[in-house]
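Below is one structure; the comments refer to it alone.
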Amino acid sequence: MRALILALLVAAGAGSTEGFKARGFLLPDGAVKIDEDRYRLSQPWDETIKFYRKAYPSGKYPRHNLRSQTPIRAVHIDNPSGGEWDGVNIYEANRGEVRLYILPGKEAPDESKKPSGKSP
């Protein structure tokens with residue numbers, strides 16, 4: 001019985017960074033796409049920040065608070081390695097709603113749109 005409880009506790013701790021990916025960036029379970037690269041998160045601000053501290057440690061993914069004229073809390077997470085996402089803005093919108101915007105990375109050019117070099 002003790003082993004089962006321990007296994008459940010370990011699984012619960014491991015599940016705290018589970019979710020799905022968009023542009024290679026981890027989103028928590030319950031995130032809802034509201035527009036291109038924009039998501040509404042189901043967790044409150046404090047839980048969201050804890051989730052991303054664990055999923056993307058600040059030593060590897062620098063972050064800073066975003067300044068605004070309004071009293072909205074916002075933070076930017078930078079992706080120094082580039083790839084599918086350059087960074088992410090997490091902010092608290094009206095009524096405590098937490099939203100996230102993924103800043104797309106430098107995508108490879110689409111080979112099908114390149115000119116073939118042949119004259120028509």
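Ordering of the structure tokens sets the chain letters (A, B, ...); residue numbers start at 1 within each chain; ligands are numbered from 1 in the order shown.
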Subject >> Pro62 of chain A surroundings by only C-alpha atoms, 12 Å radius, close-in-sequence under 5 positions cut, as number ranges by chain >> reply: A: 52-53, 56-57, 75-81, 86-88
Subject >> Close residues, Leu100 of chain A itself excluded, 8 Å, only C-alpha atoms, min 2 positions apart in chain, as number ranges by chain >> reply: A: 38-41, 88-91, 98, 102
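If you measure from each of A:Ala22, A:Ala55, A:Ala31, A:Ala93 to Pro71 of chain A using only C-alpha atoms, the closest one turns out to be A:Ala93.
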**OP:** Tell me which of A:Gly83, A:Tyr61, A:Gln69, A:Ala74 sits closest to Arg99 of chain A, counting only C-alpha atoms.
**Re:** A:Ala74
Original post:
Between A:Gly82, A:Gly59, A:Pro104, A:Gly24, which one has atoms that come closest to Asp37 of chain A, using only C-alpha atoms?
Top reply: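 The answer is A:Pro104, which sits nearest to Asp37 of chain A.
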